>>> print(open('entry_38.cif').read())   # mmCIF, C-alpha atoms
data_start
#
loop_
_atom_site.label_atom_id
_atom_site.label_comp_id
_atom_site.auth_asym_id
_atom_site.auth_seq_id
_atom_site.Cartn_x
_atom_site.Cartn_y
_atom_site.Cartn_z
CA MET A 136 -18.90 -9.25 -16.93
CA ARG A 137 -18.65 -6.49 -19.52
CA ARG A 138 -17.81 -8.76 -22.45
CA LEU A 139 -21.40 -9.78 -22.89
CA LEU A 140 -23.10 -11.59 -25.71
CA PRO A 141 -24.03 -9.37 -28.67
CA VAL A 142 -27.77 -9.66 -28.09
CA LEU A 143 -27.43 -8.71 -24.44
CA SER A 144 -25.10 -5.85 -25.38
CA ALA A 145 -27.66 -4.51 -27.79
CA PHE A 146 -30.32 -4.71 -25.10
CA LEU A 147 -28.16 -2.75 -22.68
CA LEU A 148 -27.42 -0.10 -25.29
CA LEU A 149 -31.14 0.28 -25.89
CA SER A 150 -31.71 0.56 -22.12
CA ALA A 151 -29.05 3.26 -21.90
CA ALA A 152 -30.76 5.25 -24.61
CA CYS A 153 -33.96 5.06 -22.58
CA GLY A 154 -32.40 6.38 -19.38
CA ASP A 155 -30.46 3.39 -17.94
CA ASP A 156 -28.97 4.08 -14.49
CA SER A 157 -26.13 1.54 -14.61
CA SER A 158 -22.72 2.13 -13.05
CA ALA A 159 -21.18 2.97 -16.40
CA GLY A 160 -23.39 5.99 -17.04
CA GLY A 161 -26.53 7.90 -16.28
CA ASP A 162 -27.59 9.60 -13.08
CA GLY A 163 -28.29 6.51 -11.01
CA PRO A 164 -26.03 5.06 -8.32
CA ILE A 165 -22.51 3.85 -9.00
CA ARG A 166 -22.63 0.21 -8.00
CA VAL A 167 -19.64 -1.37 -6.28
CA GLY A 168 -19.44 -5.09 -5.54
CA GLN A 169 -18.12 -6.36 -2.24
CA ILE A 170 -17.15 -10.01 -1.83
CA VAL A 171 -16.84 -10.60 1.88
CA SER A 172 -16.67 -13.52 4.32
CA LEU A 173 -19.86 -13.21 6.36
CA THR A 174 -20.07 -16.89 7.31
CA GLY A 175 -17.43 -19.56 7.91
CA ASN A 176 -13.98 -19.32 9.49
CA TYR A 177 -13.19 -15.81 8.24
CA SER A 178 -16.49 -14.17 9.15
CA PRO A 179 -14.90 -12.22 12.05
CA LEU A 180 -12.62 -10.51 9.51
CA GLY A 181 -15.34 -10.07 6.92
CA SER A 182 -17.82 -8.53 9.33
CA GLU A 183 -15.31 -5.78 10.20
CA ASN A 184 -14.62 -5.16 6.50
CA LYS A 185 -18.33 -4.82 5.82
CA LYS A 186 -18.92 -2.43 8.74
CA SER A 187 -16.19 -0.07 7.61
CA VAL A 188 -17.19 -0.17 3.95
CA GLU A 189 -20.74 0.75 4.95
CA LEU A 190 -19.49 3.65 7.08
CA ALA A 191 -17.22 4.96 4.33
CA VAL A 192 -19.96 4.74 1.70
CA ASP A 193 -22.46 6.50 3.98
CA LYS A 194 -19.95 9.32 4.48
CA VAL A 195 -19.35 9.68 0.74
CA ASN A 196 -23.08 9.75 0.01
CA ARG A 197 -23.79 12.31 2.74
CA GLU A 198 -21.16 14.56 1.21
CA GLY A 199 -22.70 14.46 -2.26
CA GLY A 200 -21.52 11.17 -3.70
CA VAL A 201 -19.03 10.65 -6.51
CA LEU A 202 -19.29 12.58 -9.76
CA GLY A 203 -22.64 13.77 -8.45
CA ARG A 204 -23.93 10.21 -8.02
CA GLN A 205 -24.52 8.06 -4.95
CA LEU A 206 -22.54 4.90 -4.21
CA GLU A 207 -24.40 1.62 -3.83
CA VAL A 208 -22.67 -1.52 -2.50
CA VAL A 209 -23.78 -4.96 -3.68
CA VAL A 210 -22.63 -7.48 -1.05
CA LYS A 211 -21.89 -11.15 -1.76
CA ASP A 212 -20.86 -13.70 0.90
CA ASP A 213 -17.98 -15.98 -0.08
CA LYS A 214 -18.69 -18.16 2.99
CA SER A 215 -14.92 -18.30 3.64
CA GLN A 216 -14.55 -20.64 0.67
CA PRO A 217 -12.61 -19.94 -2.55
CA ASP A 218 -15.19 -21.55 -4.83
CA GLN A 219 -17.91 -19.38 -3.31
CA SER A 220 -15.83 -16.28 -4.01
CA VAL A 221 -15.70 -17.29 -7.66
CA LEU A 222 -19.49 -17.74 -7.70
CA ALA A 223 -19.93 -14.39 -5.96
CA PHE A 224 -17.78 -12.61 -8.54
CA ASN A 225 -19.72 -14.18 -11.38
CA GLY A 226 -22.97 -13.18 -9.68
CA LEU A 227 -21.90 -9.53 -9.65
CA GLY A 228 -22.09 -9.55 -13.45
CA ASP A 229 -25.84 -9.09 -13.23
CA ASP A 230 -25.36 -5.94 -11.14
CA ASP A 231 -23.13 -4.11 -13.60
CA VAL A 232 -20.66 -3.02 -10.94
CA ALA A 233 -17.93 -0.47 -11.65
CA ALA A 234 -15.43 -2.21 -9.36
CA VAL A 235 -15.18 -4.95 -6.75
CA ILE A 236 -13.83 -4.81 -3.19
CA GLY A 237 -12.49 -8.29 -2.61
CA SER A 238 -12.51 -10.91 0.11
CA PRO A 239 -10.34 -10.74 3.26
CA PHE A 240 -9.54 -14.46 2.81
CA SER A 241 -6.36 -14.85 0.76
CA ASN A 242 -7.35 -18.18 -0.79
CA SER A 243 -10.65 -16.71 -1.97
CA ALA A 244 -8.94 -13.70 -3.53
CA LEU A 245 -6.41 -15.86 -5.36
CA ALA A 246 -9.17 -18.08 -6.74
CA THR A 247 -11.00 -15.02 -8.06
CA ILE A 248 -8.12 -13.22 -9.74
CA PRO A 249 -8.25 -15.25 -13.01
CA LEU A 250 -11.82 -14.01 -13.45
CA VAL A 251 -10.74 -10.44 -12.72
CA ASP A 252 -8.06 -10.78 -15.40
CA ARG A 253 -10.63 -12.07 -17.87
CA GLU A 254 -13.41 -9.58 -17.15
CA GLU A 255 -11.12 -6.56 -16.61
CA ILE A 256 -12.96 -5.11 -13.63
CA PRO A 257 -10.98 -3.13 -11.01
CA TYR A 258 -10.56 -5.36 -7.94
CA LEU A 259 -9.38 -3.88 -4.64
CA SER A 260 -8.30 -6.84 -2.54
CA LEU A 261 -8.56 -6.80 1.25
CA THR A 262 -6.11 -9.66 1.67
CA PRO A 263 -2.33 -9.13 1.67
CA ALA A 264 -1.07 -12.21 -0.20
CA ASP A 265 1.85 -11.21 -2.44
CA GLU A 266 0.80 -13.49 -5.30
CA GLN A 267 -1.94 -11.03 -6.20
CA VAL A 268 0.58 -8.40 -7.30
CA GLU A 269 3.67 -10.49 -8.10
CA PRO A 270 3.46 -10.48 -11.05
CA VAL A 271 1.18 -7.49 -11.54
CA HIS A 272 -2.36 -8.25 -12.66
CA PRO A 273 -3.62 -5.17 -14.54
CA TYR A 274 -6.90 -4.78 -12.64
CA VAL A 275 -5.88 -6.11 -9.19
CA PHE A 276 -4.80 -3.69 -6.44
CA VAL A 277 -4.00 -4.77 -2.87
CA VAL A 278 -5.20 -2.57 0.01
CA PRO A 279 -3.43 -3.97 3.14
CA ALA A 280 0.35 -4.05 3.22
CA THR A 281 1.42 -7.35 1.66
CA SER A 282 2.74 -10.31 3.61
CA GLY A 283 6.19 -9.68 2.17
CA THR A 284 6.08 -6.09 3.39
CA TYR A 285 5.16 -7.29 6.88
CA ALA A 286 8.04 -9.76 6.73
CA GLU A 287 10.45 -6.96 5.85
CA ARG A 288 9.24 -4.77 8.70
CA ILE A 289 9.52 -7.60 11.24
CA LEU A 290 13.05 -8.35 10.05
CA GLN A 291 13.95 -4.67 10.45
CA TYR A 292 12.68 -4.80 14.02
CA LEU A 293 14.50 -8.03 14.86
CA LYS A 294 17.80 -6.72 13.50
CA ALA A 295 17.41 -3.43 15.37
CA THR A 296 16.84 -5.28 18.65
CA GLY A 297 19.87 -7.53 18.26
CA VAL A 298 18.14 -10.75 17.18
CA SER A 299 20.27 -12.85 14.83
CA THR A 300 18.54 -16.28 15.02
CA VAL A 301 14.81 -16.89 14.69
CA ALA A 302 12.36 -19.74 14.50
CA VAL A 303 9.47 -19.35 12.06
CA ALA A 304 6.20 -21.29 12.19
CA HIS A 305 3.48 -20.94 9.56
CA ASP A 306 0.12 -22.28 8.44
CA THR A 307 0.73 -24.18 5.21
CA ARG A 308 -2.92 -23.86 4.13
CA SER A 309 -3.07 -20.07 4.24
CA SER A 310 -1.74 -18.17 1.23
CA TYR A 311 -1.19 -15.16 3.50
CA ALA A 312 0.91 -17.20 5.94
CA VAL A 313 2.88 -18.97 3.21
CA ALA A 314 3.71 -15.66 1.53
CA GLY A 315 4.83 -14.16 4.85
CA TYR A 316 7.01 -17.16 5.65
CA GLU A 317 8.57 -17.12 2.19
CA GLY A 318 9.25 -13.40 2.49
CA MET A 319 11.10 -13.96 5.77
CA ARG A 320 12.99 -16.95 4.43
CA ASP A 321 14.13 -15.12 1.29
CA ASP A 322 15.03 -11.85 3.04
CA ALA A 323 16.46 -12.97 6.39
CA SER A 324 20.08 -13.10 5.28
CA ARG A 325 19.89 -9.51 4.05
CA PHE A 326 19.29 -8.49 7.66
CA GLY A 327 21.98 -10.78 9.06
CA ILE A 328 19.40 -13.18 10.51
CA ASP A 329 19.44 -16.98 10.38
CA ILE A 330 16.26 -19.08 10.47
CA VAL A 331 17.27 -21.91 12.79
CA ALA A 332 13.89 -23.65 13.07
CA ASP A 333 11.23 -23.97 10.39
CA GLU A 334 7.90 -25.27 11.72
CA GLU A 335 4.69 -26.01 9.85
CA PHE A 336 1.09 -26.49 10.96
CA GLN A 337 -2.36 -26.41 9.38
CA THR A 338 -5.41 -24.23 9.85
CA ASP A 339 -7.20 -26.81 12.00
CA ALA A 340 -4.24 -27.27 14.39
CA THR A 341 -5.10 -26.96 18.08
CA GLU A 342 -1.96 -28.25 19.86
CA PHE A 343 1.51 -26.76 19.44
CA GLY A 344 3.67 -28.60 21.97
CA SER A 345 5.86 -30.14 19.29
CA VAL A 346 6.45 -26.74 17.69
CA PHE A 347 7.59 -25.31 21.03
CA GLY A 348 9.81 -28.35 21.65
CA HIS A 349 11.64 -27.87 18.36
CA VAL A 350 12.00 -24.12 18.96
CA ARG A 351 13.39 -24.75 22.46
CA GLY A 352 16.12 -26.96 21.02
CA SER A 353 16.99 -24.56 18.19
CA LYS A 354 18.60 -21.77 20.21
CA ALA A 355 16.33 -19.26 18.43
CA GLN A 356 16.18 -15.78 19.96
CA ALA A 357 12.59 -15.18 18.81
CA LEU A 358 9.64 -17.12 17.37
CA VAL A 359 7.73 -15.54 14.47
CA VAL A 360 4.33 -17.06 13.68
CA TRP A 361 2.37 -16.60 10.47
CA ALA A 362 -1.27 -17.59 10.97
CA THR A 363 -4.83 -16.33 10.79
CA GLY A 364 -7.82 -17.02 12.99
CA ALA A 365 -8.06 -19.75 15.60
CA PRO A 366 -4.53 -21.28 15.39
CA ALA A 367 -2.89 -18.02 16.50
CA VAL A 368 -5.20 -17.83 19.52
CA ALA A 369 -4.49 -21.41 20.59
CA LEU A 370 -0.76 -21.08 19.99
CA THR A 371 -0.49 -17.87 22.02
CA LYS A 372 -2.39 -19.34 24.97
CA GLN A 373 -0.15 -22.39 25.01
CA TYR A 374 2.98 -20.30 24.52
CA ALA A 375 2.30 -18.47 27.77
CA SER A 376 2.72 -21.72 29.72
CA ALA A 377 5.35 -23.40 27.52
CA GLY A 378 8.30 -22.00 29.43
CA LEU A 379 9.98 -20.38 26.43
CA ASP A 380 11.69 -17.15 27.39
CA ILE A 381 12.05 -15.65 23.91
CA PRO A 382 9.72 -13.12 22.25
CA LEU A 383 6.66 -14.38 20.39
CA VAL A 384 6.11 -12.26 17.27
CA LEU A 385 2.78 -12.23 15.41
CA THR A 386 1.54 -10.35 12.35
CA GLY A 387 -1.25 -8.05 11.21
CA ALA A 388 -3.78 -10.89 11.20
CA GLN A 389 -3.73 -10.67 15.02
CA ALA A 390 -3.95 -6.87 15.23
CA SER A 391 -7.50 -6.66 16.57
CA LYS A 392 -9.77 -7.41 19.51
CA LEU A 393 -10.68 -10.60 17.66
CA PHE A 394 -7.29 -11.86 18.85
CA LEU A 395 -6.92 -9.96 22.12
CA GLU A 396 -10.26 -10.89 23.64
CA PRO A 397 -10.08 -14.70 23.32
CA VAL A 398 -6.38 -14.81 24.27
CA GLY A 399 -6.83 -12.59 27.32
CA ALA A 400 -3.92 -12.29 29.74
CA ALA A 401 -1.81 -14.72 27.71
CA ALA A 402 -1.32 -11.98 25.11
CA GLU A 403 0.55 -9.72 27.54
CA GLY A 404 4.03 -8.96 26.23
CA VAL A 405 3.47 -10.56 22.82
CA ILE A 406 4.87 -8.63 19.84
CA VAL A 407 2.28 -7.92 17.12
CA ALA A 408 2.95 -6.08 13.86
CA SER A 409 0.06 -3.97 12.58
CA SER A 410 -1.09 -1.22 10.31
CA ILE A 411 -0.22 2.21 11.71
CA GLY A 412 -3.94 2.84 12.10
CA VAL A 413 -4.07 0.40 15.01
CA VAL A 414 -1.81 2.74 17.00
CA GLY A 415 -3.07 6.00 15.56
CA PRO A 416 -3.07 7.87 18.91
CA GLU A 417 0.70 7.37 19.08
CA LEU A 418 1.36 9.20 15.79
CA PRO A 419 2.36 12.87 15.54
CA SER A 420 -0.30 15.38 14.55
CA GLY A 421 -0.71 15.83 10.82
CA LYS A 422 -2.55 14.58 7.77
CA GLN A 423 -1.82 10.91 8.52
CA LYS A 424 -3.12 11.03 12.07
CA ALA A 425 -6.16 13.05 10.99
CA SER A 426 -7.07 10.34 8.49
CA ILE A 427 -6.86 7.69 11.18
CA ASP A 428 -8.85 9.79 13.66
CA GLU A 429 -11.65 10.28 11.14
CA LEU A 430 -12.17 6.52 10.83
CA THR A 431 -11.67 5.87 14.54
CA THR A 432 -14.31 8.41 15.52
CA ALA A 433 -16.87 7.21 12.98
CA PHE A 434 -16.31 3.52 13.73
CA SER A 435 -16.21 3.90 17.53
CA ASP A 436 -19.35 6.05 17.57
CA GLU A 437 -21.21 3.47 15.50
CA HIS A 438 -19.92 0.21 16.98
CA GLY A 439 -18.58 1.06 20.44
CA TYR A 440 -14.96 -0.04 19.96
CA PRO A 441 -11.94 1.15 17.93
CA PRO A 442 -11.61 -0.10 14.34
CA PRO A 443 -9.42 -3.19 14.02
CA GLN A 444 -6.97 -3.80 11.19
CA PHE A 445 -9.68 -5.29 8.98
CA ALA A 446 -11.95 -2.26 9.34
CA GLN A 447 -9.14 0.04 8.25
CA ASP A 448 -8.73 -2.01 5.08
CA GLY A 449 -12.41 -1.68 4.11
CA TRP A 450 -12.52 2.06 4.77
CA SER A 451 -9.26 2.61 2.86
CA ALA A 452 -10.56 0.60 -0.11
CA VAL A 453 -13.57 2.90 -0.46
CA GLN A 454 -11.37 5.99 -0.19
CA LEU A 455 -9.02 4.66 -2.88
CA LEU A 456 -11.85 3.76 -5.23
CA VAL A 457 -13.63 7.10 -4.80
CA ALA A 458 -10.39 9.02 -5.38
CA ALA A 459 -9.71 6.99 -8.53
CA ILE A 460 -13.21 7.55 -9.97
CA GLU A 461 -12.99 11.27 -9.27
CA LYS A 462 -9.53 11.47 -10.81
CA ALA A 463 -10.70 9.53 -13.88
CA GLY A 464 -13.95 11.47 -14.17
CA SER A 465 -15.45 8.16 -15.23
CA THR A 466 -16.66 4.78 -13.99
CA GLU A 467 -15.23 2.91 -16.96
CA PRO A 468 -12.99 0.06 -15.73
CA ALA A 469 -9.92 1.02 -17.75
CA ALA A 470 -10.18 4.64 -16.62
CA ILE A 471 -10.42 3.60 -12.96
CA ARG A 472 -7.43 1.29 -13.38
CA ASP A 473 -5.34 4.03 -14.99
CA ALA A 474 -6.29 6.45 -12.23
CA LEU A 475 -5.32 3.96 -9.52
CA GLU A 476 -1.95 3.38 -11.15
CA GLY A 477 -1.03 7.02 -10.70
CA LEU A 478 -2.76 7.60 -7.38
CA ARG A 479 -1.19 8.95 -4.21
CA LEU A 480 -3.56 9.06 -1.24
CA VAL A 481 -3.31 9.16 2.55
CA THR A 482 -5.69 6.74 4.27
CA PRO A 483 -5.72 5.16 7.75
CA ASN A 484 -3.42 2.45 6.36
CA GLY A 485 -0.78 4.96 5.24
CA GLU A 486 0.06 6.87 2.09
CA TYR A 487 -0.53 4.81 -1.03
CA ALA A 488 1.66 5.28 -4.08
CA TYR A 489 0.38 2.83 -6.67
CA ALA A 490 2.18 2.67 -9.99
CA LYS A 491 1.91 0.69 -13.20
CA ASP A 492 4.50 -1.76 -11.89
CA ASP A 493 3.41 -1.57 -8.22
CA HIS A 494 -0.16 -2.54 -7.33
CA ALA A 495 0.69 -2.93 -3.63
CA GLY A 496 1.25 0.74 -2.94
CA LEU A 497 2.36 0.64 0.72
CA GLY A 498 5.89 0.43 2.07
CA PRO A 499 7.10 -1.07 5.39
CA GLN A 500 7.21 2.37 7.03
CA PHE A 501 3.42 2.15 7.40
CA ILE A 502 3.63 -0.92 9.64
CA SER A 503 4.08 -0.58 13.40
CA VAL A 504 5.65 -3.28 15.58
CA ASN A 505 3.80 -3.30 18.89
CA THR A 506 3.80 -4.93 22.31
CA VAL A 507 0.52 -6.02 23.90
CA THR A 508 0.38 -4.00 27.12
CA GLN A 509 -2.59 -4.27 29.47
CA GLY A 510 -4.75 -5.63 26.68
CA ALA A 511 -3.85 -2.96 24.11
CA PHE A 512 -1.35 -2.55 21.28
CA ARG A 513 1.44 -0.11 22.10
CA PRO A 514 4.34 0.65 19.75
CA THR A 515 7.67 -0.78 20.84
CA GLU A 516 10.37 1.78 21.60
CA TRP A 517 11.89 1.08 18.17
CA ALA A 518 8.54 1.51 16.41
CA GLY A 519 7.83 4.73 18.28
CA THR A 520 11.02 6.20 16.90
CA GLN A 521 10.17 5.00 13.39
CA LEU A 522 6.63 6.39 13.51
CA ALA A 523 7.62 9.80 14.85
CA GLY A 524 8.11 11.17 11.34
CA LEU A 525 4.76 10.07 9.91
CA ALA A 526 2.94 13.39 10.06
CA GLY A 527 1.80 12.98 6.46
#
>>> encode(input="entry_38.cif", output="structure tokens")
Amino acid sequence: MRRLLPVLSAFLLLSAACGDDSSAGGDGPIRVGQIVSLTGNYSPLGSENKKSVELAVDKVNREGGVLGRQLEVVVKDDKSQPDQSVLAFNGLGDDDVAAVIGSPFSNSALATIPLVDREEIPYLSLTPADEQVEPVHPYVFVVPATSGTYAERILQYLKATGVSTVAVAHDTRSSYAVAGYEGMRDDASRFGIDIVADEEFQTDATEFGSVFGHVRGSKAQALVVWATGAPAVALTKQYASAGLDIPLVLTGAQASKLFLEPVGAAAEGVIVASSIGVVGPELPSGKQKASIDELTTAFSDEHGYPPPQFAQDGWSAVQLLVAAIEKAGSTEPAAIRDALEGLRLVTPNGEYAYAKDDHAGLGPQFISVNTVTQGAFRPTEWAGTQLAGLAG
């Protein structure tokens, strides 16, 4: 984007001399790109991201902007398709954006990262796939806790509750699900846990009887499922009538009304890991809870329901970017990147501590393990004890 042809570069320099209002300088708005799934399978996630980004930007602008300038978001729809995310990123080149808030769809984000590496534009990803930060890509920063971090937290919970054998099922077409499964597989032995059944399905799966049959014969003490979207809904509904008497454990992709509403009563008693923001009312008073309450109030007032996991990610991304620009005192990409790498900031997702060798920033302590109780997420007894110290 910024490595433009010499003629075009000369034209932009001339424009700057004449009062250009681009993101890199002047008094005009600081433009931020947002690649988001507004159509296709991941539109329910993307719509929540977009709502929260809009709310966060409105708040920043009401309070005077950033470096005395307003924020302006340029939105591109990736249509829940990786190739469209690539096209969207390329299209942002014409808008001279200072940074990009990336897609909630892991496959889209992973397809876009080579372009981020080439163009050297700060990219705050709203998908948790570990491949984005392992190895570190200089300009890529992940906002949600990574799949591997979720896997670690779930393993902590299973060990603490006496589970030593688990079955794991995952969507082989989702980078998020694959990363979560691999994290569990690689780390299970460290927690004294054996994976006794390893089940695979695909994003278009609608029937899970064979998965349940294999789990039933495995002597597993719990079933952990890594999935996004429709498969998790169908699996949970069928699980309720499958006759298995072991806990069903799901991940942050199900931590919203987008899962609870279609599943209905079948979700009762299911274990769901989530960002701490999902259970903000359960946290002790302090800076962390205040950050969550700020988003919850703004989002609920505007949209009539509490912010789901995906809304917290969008809001947190704006907070992180604004803090980095203010710390850098500049909208230059390298300055924003350097500022992010040394940033510590409390957001509804937890306290970020990015570093040069850590572009994930969140540890497992900022994930709650919850039980669905009367249609709401409530921290398990173990999680309640863990969260009690998160005053911030």
>>> atom_distance(input="entry_38.cif", atom1="atom CA of Val232 of chain A", atom2="atom CA of Leu261 of chain A")
17.6 Å
>>> closest_residue(input="entry_38.cif", among="A:Gln509, A:Thr284, A:Ser465, A:Gln423", to="Gly318 of chain A", atoms="only C-alpha atoms")
A:Thr284
>>> atom_distance(input="entry_38.cif", atom1="atom CA of Leu475 of chain A", atom2="atom CA of Val453 of chain A")
12.3 Å
>>> closest_residue(input="entry_38.cif", among="A:Val171, A:Ala459, A:Ala388, A:Val275", to="Asp252 of chain A", atoms="only C-alpha atoms")
A:Val275
>>> residues_near_point(input="entry_38.cif", point="(-0.4, 0.0, -0.5)", cutoff="9 Å", atoms="all atoms listed in the file", output="list in words")
Phe276, Val277, Val278, Pro279, Ala280, Thr281, Asn484, Gly485, Glu486, Tyr487, Ala488, Tyr489, Asp493, His494, Ala495, Gly496, Leu497 and Gly498 of chain A
>>> resolve_selection(input="entry_38.cif", expression="the PyMOL selection byres ((chain A and resi 326-334) around 9)", output="ChimeraX atom specification")
/A:290-291,293-294,298-306,319-320,322-325,335-336,346,349-350,352-355,358
>>> closest_atom_pairs(input="entry_38.cif", of="segment 306-392 of chain A", to="segment 400-415 of chain A", cutoff="9 Å", atoms="all atoms listed in the file", output="JSON lines")
{"residue": "A:Val368", "atom": "CA", "partner": "A:Ala402", "partner_atom": "CA", "distance": 9.0}
{"residue": "A:Thr371", "atom": "CA", "partner": "A:Ala401", "partner_atom": "CA", "distance": 6.6}
{"residue": "A:Lys372", "atom": "CA", "partner": "A:Ala401", "partner_atom": "CA", "distance": 5.4}
{"residue": "A:Gln373", "atom": "CA", "partner": "A:Ala401", "partner_atom": "CA", "distance": 8.3}
{"residue": "A:Tyr374", "atom": "CA", "partner": "A:Ala401", "partner_atom": "CA", "distance": 8.0}
{"residue": "A:Ala375", "atom": "CA", "partner": "A:Ala401", "partner_atom": "CA", "distance": 5.6}
{"residue": "A:Ser376", "atom": "CA", "partner": "A:Ala401", "partner_atom": "CA", "distance": 8.6}
{"residue": "A:Pro382", "atom": "CA", "partner": "A:Val405", "partner_atom": "CA", "distance": 6.8}
{"residue": "A:Leu383", "atom": "CA", "partner": "A:Val405", "partner_atom": "CA", "distance": 5.5}
{"residue": "A:Val384", "atom": "CA", "partner": "A:Ile406", "partner_atom": "CA", "distance": 4.6}
{"residue": "A:Leu385", "atom": "CA", "partner": "A:Val407", "partner_atom": "CA", "distance": 4.7}
{"residue": "A:Thr386", "atom": "CA", "partner": "A:Ala408", "partner_atom": "CA", "distance": 4.7}
{"residue": "A:Gly387", "atom": "CA", "partner": "A:Ser409", "partner_atom": "CA", "distance": 4.5}
{"residue": "A:Ala388", "atom": "CA", "partner": "A:Ser409", "partner_atom": "CA", "distance": 8.0}
{"residue": "A:Gln389", "atom": "CA", "partner": "A:Val407", "partner_atom": "CA", "distance": 6.9}
{"residue": "A:Ala390", "atom": "CA", "partner": "A:Ser409", "partner_atom": "CA", "distance": 5.6}
{"residue": "A:Ser391", "atom": "CA", "partner": "A:Val413", "partner_atom": "CA", "distance": 8.0}
>>> resolve_selection(input="entry_38.cif", expression="the PyMOL selection byres ((chain A and resi 210) around 7)", output="list in words")
Gly168, Gln169, Ile170, Val208, Val209, Lys211 and Asp212 of chain A
>>> resolve_selection(input="entry_38.cif", expression="the PyMOL selection byres ((chain A and resi 477) around 8)", output="number ranges by chain")
A: 473-476, 478-479, 488-491
>>> atom_distance(input="entry_38.cif", atom1="atom CA of Leu245 of chain A", atom2="atom CA of Glu266 of chain A")
7.6 Å
>>> closest_atom_pairs(input="entry_38.cif", of="segment 162-230 of chain A", to="segment 262-265 of chain A", cutoff="12 Å", atoms="only C-alpha atoms", output="JSON lines")
{"residue": "A:Ile170", "atom": "CA", "partner": "A:Thr262", "partner_atom": "CA", "distance": 11.6}
{"residue": "A:Val171", "atom": "CA", "partner": "A:Thr262", "partner_atom": "CA", "distance": 10.8}
{"residue": "A:Ser172", "atom": "CA", "partner": "A:Thr262", "partner_atom": "CA", "distance": 11.6}
{"residue": "A:Tyr177", "atom": "CA", "partner": "A:Thr262", "partner_atom": "CA", "distance": 11.5}
{"residue": "A:Leu180", "atom": "CA", "partner": "A:Thr262", "partner_atom": "CA", "distance": 10.2}
{"residue": "A:Gly181", "atom": "CA", "partner": "A:Thr262", "partner_atom": "CA", "distance": 10.6}
{"residue": "A:Asn184", "atom": "CA", "partner": "A:Thr262", "partner_atom": "CA", "distance": 10.8}
